[in-house]
Amino acid sequence: DTVTAIDYKSNRLVPGDPDTVPEGLLRQMGAYYALLNEIWPEKEAKVALLWTSTATLMPLEPERVTEALARATVP
């Protein structure tokens, strides 16, 4: 029922929460989220970052990544 994109990140400095994830990563995950929705419209799309240095999975809210992508594509 769901499809999830998980991007592995090897950053040494790991954000403590989604509020401190760099804008560029949010935009990247927003693009993944948009593509998942286009490819599998019948499924619930989810995105997350996996920080390899701490083995921490950080799910990202759809609204957060969608808004970040919109900021990148506004003329």
# chains A, B, ... in the order shown; residues from 1 in each chain; ligands from 1
>>> select_by_dssp(residues="chain A", states="alpha helix (DSSP H)", output="list in words")
Glu23, Gly24, Leu25, Leu26, Arg27, Gln28, Met29, Gly30, Ala31, Tyr32, Tyr33, Ala34, Leu35, Leu36, Asn37, Glu38, Ile39, Pro62, Glu63, Arg64, Val65, Thr66, Glu67, Ala68, Leu69, Ala70, Arg71, Ala72 and Thr73 of chain A
>>> residues_around(residues="Asn37 (chain A)", least_positions_apart="6", cutoff="12 Å", atoms="only C-alpha atoms", output="number ranges by chain")
A: 2-5, 30-31, 43-47, 62, 66
>>> write_last_selection(atoms="C-alpha atoms", output="mmCIF file, in the first residue's frame")
data_model
loop_
_atom_site.group_PDB
_atom_site.id
_atom_site.type_symbol
_atom_site.label_atom_id
_atom_site.label_comp_id
_atom_site.auth_asym_id
_atom_site.auth_seq_id
_atom_site.Cartn_x
_atom_site.Cartn_y
_atom_site.Cartn_z
ATOM 1 C CA THR A 2 3.011 2.301 0.348
ATOM 2 C CA VAL A 3 6.168 3.060 -1.580
ATOM 3 C CA THR A 4 9.157 4.601 0.184
ATOM 4 C CA ALA A 5 12.313 6.287 -1.087
ATOM 5 C CA GLY A 30 10.690 16.555 -2.583
ATOM 6 C CA ALA A 31 11.624 15.535 -6.126
ATOM 7 C CA LYS A 43 0.057 4.072 -3.290
ATOM 8 C CA GLU A 44 0.955 6.237 -0.315
ATOM 9 C CA ALA A 45 4.371 7.778 -0.983
ATOM 10 C CA LYS A 46 6.908 8.300 1.795
ATOM 11 C CA VAL A 47 10.471 9.594 1.892
ATOM 12 C CA PRO A 62 5.316 15.175 2.652
ATOM 13 C CA THR A 66 6.846 19.398 -1.227
#
>>> closest_residue(among="A:Tyr32, A:Arg27, A:Glu42, A:Arg71", to="Asp1 (chain A)", atoms="only C-alpha atoms")
A:Glu42
>>> residues_around(residues="Arg12 (chain A)", least_positions_apart="5", cutoff="12 Å", atoms="only C-alpha atoms", output="NGL selection string")
:A and (51-55)
>>> select_by_dssp(residues="chain A", states="strand (DSSP E)", output="number ranges by chain")
A: 2-9, 44-51, 56-60
>>> residues_around(residues="Val65 (chain A)", least_positions_apart="3", cutoff="12 Å", atoms="only C-alpha atoms", output="number ranges by chain")
A: 18-19, 21-34, 45-49, 59-62, 68-72
>>> atom_distance(atom1="CA of Glu38 (chain A)", atom2="CA of Leu57 (chain A)")
24.1 Å
>>> atom_distance(atom1="CA of Leu50 (chain A)", atom2="CA of Asn11 (chain A)")
10.2 Å
>>> atom_distance(atom1="CA of Met58 (chain A)", atom2="CA of Leu13 (chain A)")
14.0 Å
>>> decode(residues="region 13-43 of chain A", atoms="N, CA, C and O atoms", output="PDB file, in the first residue's frame")
ATOM      1  N   LEU A  13      28.047  15.515  10.082  1.00  0.00           N
ATOM      2  CA  LEU A  13      27.141  16.249  10.968  1.00  0.00           C
ATOM      3  C   LEU A  13      25.715  15.854  10.611  1.00  0.00           C
ATOM      4  O   LEU A  13      25.237  16.141   9.520  1.00  0.00           O
ATOM      5  N   VAL A  14      25.065  15.193  11.538  1.00  0.00           N
ATOM      6  CA  VAL A  14      23.711  14.695  11.310  1.00  0.00           C
ATOM      7  C   VAL A  14      22.711  15.637  11.976  1.00  0.00           C
ATOM      8  O   VAL A  14      22.825  15.900  13.178  1.00  0.00           O
ATOM      9  N   PRO A  15      21.743  16.146  11.216  1.00  0.00           N
ATOM     10  CA  PRO A  15      20.723  17.001  11.819  1.00  0.00           C
ATOM     11  C   PRO A  15      19.978  16.256  12.923  1.00  0.00           C
ATOM     12  O   PRO A  15      19.704  15.060  12.797  1.00  0.00           O
ATOM     13  N   GLY A  16      19.627  16.976  13.977  1.00  0.00           N
ATOM     14  CA  GLY A  16      18.923  16.360  15.091  1.00  0.00           C
ATOM     15  C   GLY A  16      17.464  16.068  14.804  1.00  0.00           C
ATOM     16  O   GLY A  16      16.863  15.212  15.446  1.00  0.00           O
ATOM     17  N   ASP A  17      16.901  16.793  13.840  1.00  0.00           N
ATOM     18  CA  ASP A  17      15.490  16.616  13.499  1.00  0.00           C
ATOM     19  C   ASP A  17      15.252  17.185  12.102  1.00  0.00           C
ATOM     20  O   ASP A  17      16.119  17.866  11.556  1.00  0.00           O
ATOM     21  N   PRO A  18      14.083  16.924  11.528  1.00  0.00           N
ATOM     22  CA  PRO A  18      13.799  17.401  10.174  1.00  0.00           C
ATOM     23  C   PRO A  18      13.856  18.927  10.024  1.00  0.00           C
ATOM     24  O   PRO A  18      14.093  19.421   8.920  1.00  0.00           O
ATOM     25  N   ASP A  19      13.671  19.662  11.112  1.00  0.00           N
ATOM     26  CA  ASP A  19      13.722  21.120  11.037  1.00  0.00           C
ATOM     27  C   ASP A  19      15.107  21.637  10.667  1.00  0.00           C
ATOM     28  O   ASP A  19      15.237  22.770  10.199  1.00  0.00           O
ATOM     29  N   THR A  20      16.131  20.838  10.889  1.00  0.00           N
ATOM     30  CA  THR A  20      17.501  21.288  10.622  1.00  0.00           C
ATOM     31  C   THR A  20      18.153  20.577   9.440  1.00  0.00           C
ATOM     32  O   THR A  20      19.354  20.717   9.228  1.00  0.00           O
ATOM     33  N   VAL A  21      17.363  19.852   8.656  1.00  0.00           N
ATOM     34  CA  VAL A  21      17.878  19.227   7.439  1.00  0.00           C
ATOM     35  C   VAL A  21      18.152  20.333   6.421  1.00  0.00           C
ATOM     36  O   VAL A  21      17.321  21.229   6.220  1.00  0.00           O
ATOM     37  N   PRO A  22      19.315  20.312   5.762  1.00  0.00           N
ATOM     38  CA  PRO A  22      19.627  21.333   4.761  1.00  0.00           C
ATOM     39  C   PRO A  22      18.570  21.400   3.655  1.00  0.00           C
ATOM     40  O   PRO A  22      18.017  20.378   3.233  1.00  0.00           O
ATOM     41  N   GLU A  23      18.329  22.605   3.195  1.00  0.00           N
ATOM     42  CA  GLU A  23      17.312  22.867   2.178  1.00  0.00           C
ATOM     43  C   GLU A  23      17.518  22.016   0.924  1.00  0.00           C
ATOM     44  O   GLU A  23      16.571  21.491   0.360  1.00  0.00           O
ATOM     45  N   GLY A  24      18.757  21.871   0.508  1.00  0.00           N
ATOM     46  CA  GLY A  24      19.031  21.089  -0.691  1.00  0.00           C
ATOM     47  C   GLY A  24      18.583  19.643  -0.571  1.00  0.00           C
ATOM     48  O   GLY A  24      18.073  19.060  -1.533  1.00  0.00           O
ATOM     49  N   LEU A  25      18.759  19.067   0.599  1.00  0.00           N
ATOM     50  CA  LEU A  25      18.316  17.687   0.808  1.00  0.00           C
ATOM     51  C   LEU A  25      16.797  17.609   0.833  1.00  0.00           C
ATOM     52  O   LEU A  25      16.211  16.651   0.308  1.00  0.00           O
ATOM     53  N   LEU A  26      16.150  18.600   1.417  1.00  0.00           N
ATOM     54  CA  LEU A  26      14.686  18.622   1.418  1.00  0.00           C
ATOM     55  C   LEU A  26      14.150  18.721  -0.009  1.00  0.00           C
ATOM     56  O   LEU A  26      13.184  18.050  -0.368  1.00  0.00           O
ATOM     57  N   ARG A  27      14.792  19.541  -0.827  1.00  0.00           N
ATOM     58  CA  ARG A  27      14.365  19.681  -2.226  1.00  0.00           C
ATOM     59  C   ARG A  27      14.557  18.370  -2.982  1.00  0.00           C
ATOM     60  O   ARG A  27      13.698  17.949  -3.757  1.00  0.00           O
ATOM     61  N   GLN A  28      15.696  17.722  -2.755  1.00  0.00           N
ATOM     62  CA  GLN A  28      15.960  16.438  -3.391  1.00  0.00           C
ATOM     63  C   GLN A  28      14.886  15.417  -3.018  1.00  0.00           C
ATOM     64  O   GLN A  28      14.344  14.721  -3.886  1.00  0.00           O
ATOM     65  N   MET A  29      14.559  15.348  -1.739  1.00  0.00           N
ATOM     66  CA  MET A  29      13.553  14.400  -1.297  1.00  0.00           C
ATOM     67  C   MET A  29      12.171  14.796  -1.805  1.00  0.00           C
ATOM     68  O   MET A  29      11.323  13.934  -2.050  1.00  0.00           O
ATOM     69  N   GLY A  30      11.941  16.092  -1.987  1.00  0.00           N
ATOM     70  CA  GLY A  30      10.690  16.555  -2.583  1.00  0.00           C
ATOM     71  C   GLY A  30      10.543  16.067  -4.014  1.00  0.00           C
ATOM     72  O   GLY A  30       9.454  15.678  -4.450  1.00  0.00           O
ATOM     73  N   ALA A  31      11.656  16.054  -4.758  1.00  0.00           N
ATOM     74  CA  ALA A  31      11.624  15.535  -6.126  1.00  0.00           C
ATOM     75  C   ALA A  31      11.323  14.039  -6.121  1.00  0.00           C
ATOM     76  O   ALA A  31      10.524  13.556  -6.925  1.00  0.00           O
ATOM     77  N   TYR A  32      11.937  13.311  -5.200  1.00  0.00           N
ATOM     78  CA  TYR A  32      11.657  11.876  -5.096  1.00  0.00           C
ATOM     79  C   TYR A  32      10.181  11.638  -4.757  1.00  0.00           C
ATOM     80  O   TYR A  32       9.539  10.766  -5.338  1.00  0.00           O
ATOM     81  N   TYR A  33       9.673  12.429  -3.819  1.00  0.00           N
ATOM     82  CA  TYR A  33       8.277  12.281  -3.403  1.00  0.00           C
ATOM     83  C   TYR A  33       7.337  12.529  -4.584  1.00  0.00           C
ATOM     84  O   TYR A  33       6.397  11.765  -4.815  1.00  0.00           O
ATOM     85  N   ALA A  34       7.620  13.580  -5.350  1.00  0.00           N
ATOM     86  CA  ALA A  34       6.781  13.893  -6.516  1.00  0.00           C
ATOM     87  C   ALA A  34       6.819  12.761  -7.538  1.00  0.00           C
ATOM     88  O   ALA A  34       5.779  12.389  -8.101  1.00  0.00           O
ATOM     89  N   LEU A  35       7.997  12.209  -7.774  1.00  0.00           N
ATOM     90  CA  LEU A  35       8.115  11.115  -8.733  1.00  0.00           C
ATOM     91  C   LEU A  35       7.405   9.857  -8.260  1.00  0.00           C
ATOM     92  O   LEU A  35       6.759   9.165  -9.058  1.00  0.00           O
ATOM     93  N   LEU A  36       7.531   9.541  -6.982  1.00  0.00           N
ATOM     94  CA  LEU A  36       6.819   8.370  -6.455  1.00  0.00           C
ATOM     95  C   LEU A  36       5.320   8.509  -6.667  1.00  0.00           C
ATOM     96  O   LEU A  36       4.648   7.546  -7.045  1.00  0.00           O
ATOM     97  N   ASN A  37       4.803   9.699  -6.422  1.00  0.00           N
ATOM     98  CA  ASN A  37       3.371   9.933  -6.611  1.00  0.00           C
ATOM     99  C   ASN A  37       2.956   9.834  -8.069  1.00  0.00           C
ATOM    100  O   ASN A  37       1.846   9.396  -8.379  1.00  0.00           O
ATOM    101  N   GLU A  38       3.852  10.225  -8.960  1.00  0.00           N
ATOM    102  CA  GLU A  38       3.543  10.143 -10.383  1.00  0.00           C
ATOM    103  C   GLU A  38       3.600   8.701 -10.881  1.00  0.00           C
ATOM    104  O   GLU A  38       2.761   8.258 -11.659  1.00  0.00           O
ATOM    105  N   ILE A  39       4.591   7.957 -10.410  1.00  0.00           N
ATOM    106  CA  ILE A  39       4.773   6.576 -10.865  1.00  0.00           C
ATOM    107  C   ILE A  39       3.728   5.640 -10.258  1.00  0.00           C
ATOM    108  O   ILE A  39       3.208   4.755 -10.936  1.00  0.00           O
ATOM    109  N   TRP A  40       3.450   5.821  -8.968  1.00  0.00           N
ATOM    110  CA  TRP A  40       2.500   4.958  -8.247  1.00  0.00           C
ATOM    111  C   TRP A  40       1.414   5.791  -7.585  1.00  0.00           C
ATOM    112  O   TRP A  40       1.374   5.925  -6.352  1.00  0.00           O
ATOM    113  N   PRO A  41       0.481   6.373  -8.361  1.00  0.00           N
ATOM    114  CA  PRO A  41      -0.543   7.244  -7.779  1.00  0.00           C
ATOM    115  C   PRO A  41      -1.497   6.516  -6.832  1.00  0.00           C
ATOM    116  O   PRO A  41      -2.129   7.149  -5.983  1.00  0.00           O
ATOM    117  N   GLU A  42      -1.582   5.207  -6.952  1.00  0.00           N
ATOM    118  CA  GLU A  42      -2.502   4.447  -6.101  1.00  0.00           C
ATOM    119  C   GLU A  42      -1.896   4.096  -4.743  1.00  0.00           C
ATOM    120  O   GLU A  42      -2.582   3.567  -3.875  1.00  0.00           O
ATOM    121  N   LYS A  43      -0.620   4.406  -4.550  1.00  0.00           N
ATOM    122  CA  LYS A  43       0.057   4.072  -3.290  1.00  0.00           C
ATOM    123  C   LYS A  43       0.350   5.325  -2.478  1.00  0.00           C
ATOM    124  O   LYS A  43       0.415   6.425  -3.012  1.00  0.00           O
TER     125      LYS A  43
END
